[in-house]
Amino acid sequence: MSSTTKSAGIIKALKHPNPWWVGFVCGMATFVDNAATMGVSTAFVLYQSGGRLTGNQIGMLTSSVTIGVALGSFLGGRLGDRFGRRHVFVGTMLIIILGAFIPFISTDFAFMLPGVLLLGLGIGADLPVAMATISETATDKNRAKILVFSNLLGGFGILMSVLLGIFFGNSGVFGGHVIFGAFGGVAVIVLLMRLTIPETETWLKANEERKEGVHTLRADNSSVKDLMKTPWRKPFVTLVCYYSLVAISVSVSSGFGTYIAYNVANISVSTYSTASLACMPLAILGAAWFMAVADSKWRMTYYVIGSVLVAVSGLIPVIFGFNLVTLCVFTYIVTFAGAFCYETIMKVWTQESFPTMLRGTAQGFIYGISRILTAIMSAVTPALLVFNPKMLYVGIALLSAVGFFVGWLGFHKSTGNTFQTEAQIESEGALQ
């Protein structure tokens, strides 16, 4: 009996979780990520309005969150491939809870800095293993749909932050405490739900093959250096370049949306938060639309349309000035069109492009590299906004356009995925 057949017999006795339940529970990683990206920005502005933080300190704190996400991505993805998805995504929730608790109890800059760094670290480590768990539990018929669904949960994370901004946007420091407290509370609930998710069968089989020295596609490709070997090098380099360039651009609108409204356009936090509420139905509409085409031949067509809309939208405040209308229209377009061309499609491409023991590592490195560059951008964004906000928005429009073009070059002819290849090899091995 082959090792693969033996492994299948052992694992068959395990309970098979519903893939949509796994998509929901693990997709809460995106919920927490998006909630933190927007909510932390709002909390920092509230601390600023209460005289607890300066603009430069906000830049450093925002950058620290992003640096934490980057470091966590490198570590979490790699640890998930080596020791299993489940061990990592349970531990990451504990880190997120701790990271949210520290800035909840103190607004001292020196105290908040390590707290938000931990928050970012937990979020970053969680995302790669959560996505791998979803993709390995799903099938070829619903994998992209469930990944899109899991990403839709990020929209609800944005909704939570927007609602908190509406109700507590005029509450000063107290409002900031409420926002961080909400993050910690959600993380506790997610931790309890995560305990119902077992390790994936795909990882268990690959791990057994690796331990027994069986030479298979997934067992033989498990080293970081394998990412730069054929055939993994092309999708890895493409995804790093594409996602990094676009992430830098999007970070300005997502991470500094409230800051720009408050400091550049002189819009109150509560007013901007109320206007941003329209992002939620747009995010749902975009995600639902993309779910219908994500597993079809129209995937790339919608990617191109979304890319053009996102890149061009960055010029709206440049042409018509920074005010409530232009900033909202820009945010609405990015929210809706980004569903077809930004993070969701990146996750789908990443999950399909790499074998089991490289999947989390690749996802983590793509996230990590992009977040390091985004952190650098976050650190200088307040200064760039003071210098020339219009020039900044022209720059992010150009960066996103180049990034989307790189993504198109790398994947417009792509048709296969490693799940199909591994399944075919496993089927052939079972017949021997």
# chains A, B, ... in the order shown; residues from 1 in each chain; ligands from 1
$ select_by_dssp --residues "range 59-235 of chain A" --states "helix (DSSP H, G or I)" --output "number ranges by chain"
A: 59-83, 85-105, 109-137, 143-168, 173-194, 201-211, 217-220, 224-228, 233-235
$ closest_atom_pairs --of "range 154-231 of chain A" --to "range 86-98 of chain A" --cutoff "7 Å" --atoms "only C-alpha atoms" --output "CSV"
residue,atom,partner,partner_atom,distance
A:Gly184,CA,A:Ile97,CA,4.8
A:Ala187,CA,A:Ile97,CA,5.8
A:Val188,CA,A:Ile97,CA,6.8
A:Leu191,CA,A:Met93,CA,5.8
A:Arg194,CA,A:Val90,CA,6.5
A:Pro198,CA,A:Arg86,CA,6.6
A:Glu199,CA,A:Arg86,CA,5.4
$ closest_residue --among "A:Ser414, A:Thr361, A:Ser254, A:Thr374" --to "Lys225 in chain A" --atoms "only C-alpha atoms"
A:Thr361
$ atom_distance --atom1 "CA of Leu119 in chain A" --atom2 "CA of Val269 in chain A"
23.0 Å
$ atom_distance --atom1 "CA of Asp81 in chain A" --atom2 "CA of Ala375 in chain A"
25.6 Å
$ closest_atom_pairs --of "range 96-192 of chain A" --to "range 18-36 of chain A" --cutoff "6 Å" --atoms "only C-alpha atoms" --output "tab-separated table"
residue	atom	partner	partner_atom	distance
A:Leu127	CA	A:Ala29	CA	5.8
A:Ala130	CA	A:Cys26	CA	5.0
A:Ile134	CA	A:Gly23	CA	5.4
A:Thr137	CA	A:Pro19	CA	5.6
A:Ala138	CA	A:Pro19	CA	5.3
A:Ile146	CA	A:Gly23	CA	5.9
A:Ser150	CA	A:Gly27	CA	4.1
A:Asn151	CA	A:Thr30	CA	6.0
A:Leu153	CA	A:Phe31	CA	5.1
A:Gly154	CA	A:Phe31	CA	3.9
A:Gly157	CA	A:Ala35	CA	4.2
A:Ile158	CA	A:Ala35	CA	5.0
A:Ser161	CA	A:Ala35	CA	5.6
$ write_last_selection --atoms "N, CA and C atoms" --output "PDB file, in the first residue's frame"
ATOM      1  N   LEU A 127      -3.439  35.516   8.324  1.00  0.00           N
ATOM      2  CA  LEU A 127      -3.979  35.543   6.966  1.00  0.00           C
ATOM      3  C   LEU A 127      -3.493  34.400   6.068  1.00  0.00           C
ATOM      4  N   ALA A 130      -4.969  31.008   7.218  1.00  0.00           N
ATOM      5  CA  ALA A 130      -6.427  31.009   7.076  1.00  0.00           C
ATOM      6  C   ALA A 130      -6.819  30.764   5.625  1.00  0.00           C
ATOM      7  N   ILE A 134      -8.819  27.449   3.970  1.00  0.00           N
ATOM      8  CA  ILE A 134     -10.021  27.572   3.142  1.00  0.00           C
ATOM      9  C   ILE A 134      -9.843  26.840   1.817  1.00  0.00           C
ATOM     10  N   THR A 137      -9.700  22.998   2.023  1.00  0.00           N
ATOM     11  CA  THR A 137     -10.954  22.354   2.427  1.00  0.00           C
ATOM     12  C   THR A 137     -11.971  22.382   1.290  1.00  0.00           C
ATOM     13  N   ALA A 138     -11.869  23.381   0.416  1.00  0.00           N
ATOM     14  CA  ALA A 138     -12.811  23.537  -0.692  1.00  0.00           C
ATOM     15  C   ALA A 138     -12.463  22.594  -1.842  1.00  0.00           C
ATOM     16  N   ILE A 146     -15.598  30.480  -2.501  1.00  0.00           N
ATOM     17  CA  ILE A 146     -15.472  30.563  -1.044  1.00  0.00           C
ATOM     18  C   ILE A 146     -14.386  31.565  -0.651  1.00  0.00           C
ATOM     19  N   SER A 150     -15.037  34.659   1.660  1.00  0.00           N
ATOM     20  CA  SER A 150     -14.243  34.956   2.853  1.00  0.00           C
ATOM     21  C   SER A 150     -13.722  36.387   2.808  1.00  0.00           C
ATOM     22  N   ASN A 151     -13.396  36.852   1.608  1.00  0.00           N
ATOM     23  CA  ASN A 151     -12.910  38.217   1.473  1.00  0.00           C
ATOM     24  C   ASN A 151     -14.036  39.228   1.686  1.00  0.00           C
ATOM     25  N   LEU A 153     -16.152  39.106   3.911  1.00  0.00           N
ATOM     26  CA  LEU A 153     -16.236  39.370   5.343  1.00  0.00           C
ATOM     27  C   LEU A 153     -15.420  40.597   5.733  1.00  0.00           C
ATOM     28  N   GLY A 154     -14.407  40.899   4.923  1.00  0.00           N
ATOM     29  CA  GLY A 154     -13.647  42.111   5.171  1.00  0.00           C
ATOM     30  C   GLY A 154     -14.522  43.351   5.066  1.00  0.00           C
ATOM     31  N   GLY A 157     -16.025  43.912   8.245  1.00  0.00           N
ATOM     32  CA  GLY A 157     -15.041  44.507   9.138  1.00  0.00           C
ATOM     33  C   GLY A 157     -14.984  46.011   8.945  1.00  0.00           C
ATOM     34  N   ILE A 158     -15.037  46.433   7.678  1.00  0.00           N
ATOM     35  CA  ILE A 158     -15.084  47.866   7.384  1.00  0.00           C
ATOM     36  C   ILE A 158     -16.361  48.483   7.958  1.00  0.00           C
ATOM     37  N   SER A 161     -16.085  49.145  11.627  1.00  0.00           N
ATOM     38  CA  SER A 161     -15.262  50.323  11.901  1.00  0.00           C
ATOM     39  C   SER A 161     -15.998  51.608  11.563  1.00  0.00           C
TER      40      SER A 161
END
$ closest_atom_pairs --of "range 99-146 of chain A" --to "range 338-354 of chain A" --cutoff "9 Å" --atoms "only C-alpha atoms" --output "Markdown table"
| residue | atom | partner | partner_atom | distance |
| --- | --- | --- | --- | --- |
| A:Met131 | CA | A:Lys347 | CA | 7.4 |
| A:Ala132 | CA | A:Gln351 | CA | 6.8 |
| A:Ser135 | CA | A:Gln351 | CA | 6.5 |
| A:Glu136 | CA | A:Gln351 | CA | 8.7 |
| A:Arg143 | CA | A:Val348 | CA | 8.1 |
| A:Ala144 | CA | A:Val348 | CA | 5.9 |
$ atom_distance --atom1 "CA of Ser253 in chain A" --atom2 "CA of Arg371 in chain A"
14.9 Å
$ residues_around --residues "range 259-263 of chain A" --least-positions-apart "2" --cutoff "8 Å" --atoms "only C-alpha atoms" --output "PyMOL selection string"
chain A and resi 41-42+45+256-257+265-269+272+323-324+327+385
$ decode --residues "range 283-306 of chain A" --atoms "N, CA and C atoms" --output "CSV table (one decimal), in the first residue's frame"
chain,number,residue,atom,x,y,z
A,283,ALA,N,-19.3,47.0,-1.4
A,283,ALA,CA,-18.4,45.8,-1.2
A,283,ALA,C,-19.2,44.5,-1.4
A,284,ILE,N,-20.4,44.5,-0.8
A,284,ILE,CA,-21.2,43.2,-1.0
A,284,ILE,C,-21.6,43.0,-2.4
A,285,LEU,N,-22.0,44.1,-3.1
A,285,LEU,CA,-22.4,43.9,-4.5
A,285,LEU,C,-21.2,43.5,-5.4
A,286,GLY,N,-20.0,44.1,-5.1
A,286,GLY,CA,-18.8,43.7,-5.9
A,286,GLY,C,-18.4,42.3,-5.6
A,287,ALA,N,-18.4,41.9,-4.4
A,287,ALA,CA,-18.0,40.5,-4.0
A,287,ALA,C,-19.0,39.5,-4.6
A,288,ALA,N,-20.3,39.8,-4.4
A,288,ALA,CA,-21.3,38.8,-4.9
A,288,ALA,C,-21.2,38.7,-6.4
A,289,TRP,N,-21.0,39.8,-7.1
A,289,TRP,CA,-20.8,39.8,-8.6
A,289,TRP,C,-19.6,38.9,-9.0
A,290,PHE,N,-18.5,39.2,-8.2
A,290,PHE,CA,-17.3,38.4,-8.6
A,290,PHE,C,-17.4,36.9,-8.2
A,291,MET,N,-18.2,36.6,-7.2
A,291,MET,CA,-18.4,35.2,-6.8
A,291,MET,C,-19.0,34.5,-8.0
A,292,ALA,N,-19.9,35.2,-8.8
A,292,ALA,CA,-20.6,34.5,-9.9
A,292,ALA,C,-19.6,34.2,-11.0
A,293,VAL,N,-18.5,34.9,-11.1
A,293,VAL,CA,-17.6,34.7,-12.3
A,293,VAL,C,-16.2,34.2,-11.9
A,294,ALA,N,-15.9,34.1,-10.6
A,294,ALA,CA,-14.6,33.8,-10.1
A,294,ALA,C,-14.1,32.4,-10.6
A,295,ASP,N,-15.0,31.5,-10.8
A,295,ASP,CA,-14.6,30.1,-11.3
A,295,ASP,C,-14.9,30.0,-12.7
A,296,SER,N,-15.1,31.1,-13.5
A,296,SER,CA,-15.5,31.0,-14.9
A,296,SER,C,-14.4,31.6,-15.7
A,297,LYS,N,-14.6,31.6,-17.1
A,297,LYS,CA,-13.7,32.1,-18.0
A,297,LYS,C,-13.7,33.6,-18.0
A,298,TRP,N,-14.6,34.3,-17.3
A,298,TRP,CA,-14.8,35.7,-17.3
A,298,TRP,C,-13.9,36.4,-16.2
A,299,ARG,N,-13.2,35.6,-15.4
A,299,ARG,CA,-12.4,36.1,-14.3
A,299,ARG,C,-11.5,37.2,-14.8
A,300,MET,N,-10.7,37.0,-15.8
A,300,MET,CA,-9.7,38.0,-16.2
A,300,MET,C,-10.4,39.2,-16.8
A,301,THR,N,-11.5,39.0,-17.5
A,301,THR,CA,-12.2,40.2,-18.1
A,301,THR,C,-12.6,41.2,-17.0
A,302,TYR,N,-13.2,40.6,-15.9
A,302,TYR,CA,-13.6,41.5,-14.8
A,302,TYR,C,-12.4,42.1,-14.1
A,303,TYR,N,-11.3,41.3,-14.1
A,303,TYR,CA,-10.0,41.9,-13.5
A,303,TYR,C,-9.6,43.1,-14.2
A,304,VAL,N,-9.6,43.1,-15.6
A,304,VAL,CA,-9.2,44.2,-16.4
A,304,VAL,C,-10.1,45.4,-16.1
A,305,ILE,N,-11.4,45.2,-16.2
A,305,ILE,CA,-12.4,46.3,-16.0
A,305,ILE,C,-12.2,46.9,-14.6
A,306,GLY,N,-12.0,46.1,-13.5
A,306,GLY,CA,-11.8,46.6,-12.2
A,306,GLY,C,-10.5,47.4,-12.1
